[in-house]
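Colleague: Below is the structure I would like to discuss, written out as structure tokens.
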Amino acid sequence: MGSLGTILPLILMFVLFYFLLIRPQQKRQKAVSKMQNELAKGDRIITIGGLHGSIDAIEEGKVVILCGDGSRLTYDRNAIREVIKTEQV
């Protein structure tokens with residue numbers, strides 16, 4: 001009975017860490033991975049460095065981004081932070 005009293009708090013801490021830290025991080029990582037796999041030409045995006053542009057071409061692991069001044073920059077697909085949703089008016 002004494003050993004259960006010492007192990008129980010450790011088990012509760014692990015369960016708490018799992019539900020508060022590990023599980024939400026796994027969900028975020030799945031969402032980011034899904035977003036990066038569903039990129040399409042013409043999507044407006046923001047990179048992790050804050051560059052705004054639209055996708056001009058997609059290769060296997062790289063994305064060519066068309067910037068506002070007409071320049072084309074090649075980025076790694078993992079550098080895409082988010083896809084901007086365009087509101088249809």
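Ligands are numbered from 1 in the order shown, residues from 1 within each chain, and chains are lettered A, B, ... in the order they appear in the structure tokens.
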What lies within 8 Å of Ala79 of chain A using only C-alpha atoms, ignoring chain neighbours under 4 positions off, as a list in words?

Modeller: Thr47, Ile48, Gly49 and Tyr75 of chain A

Colleague: So that I can check the surroundings of Lys85 of chain A, please list as a list in words every protein, DNA and RNA residue that reaches within 10 Å of it, counting only C-alpha atoms and ignoring chain neighbours fewer than 4 positions away.

Modeller: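 Everything that qualifies: Asp43, Arg44 and Ile45 of chain A.
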
Colleague: Looking at only C-alpha atoms, which of A:Gln29, A:Leu39, A:Gly50, A:Leu10 is the one that sits closest to Lys62 of chain A?

Modeller: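 Under the stated criterion, the closest residue is A:Leu39.
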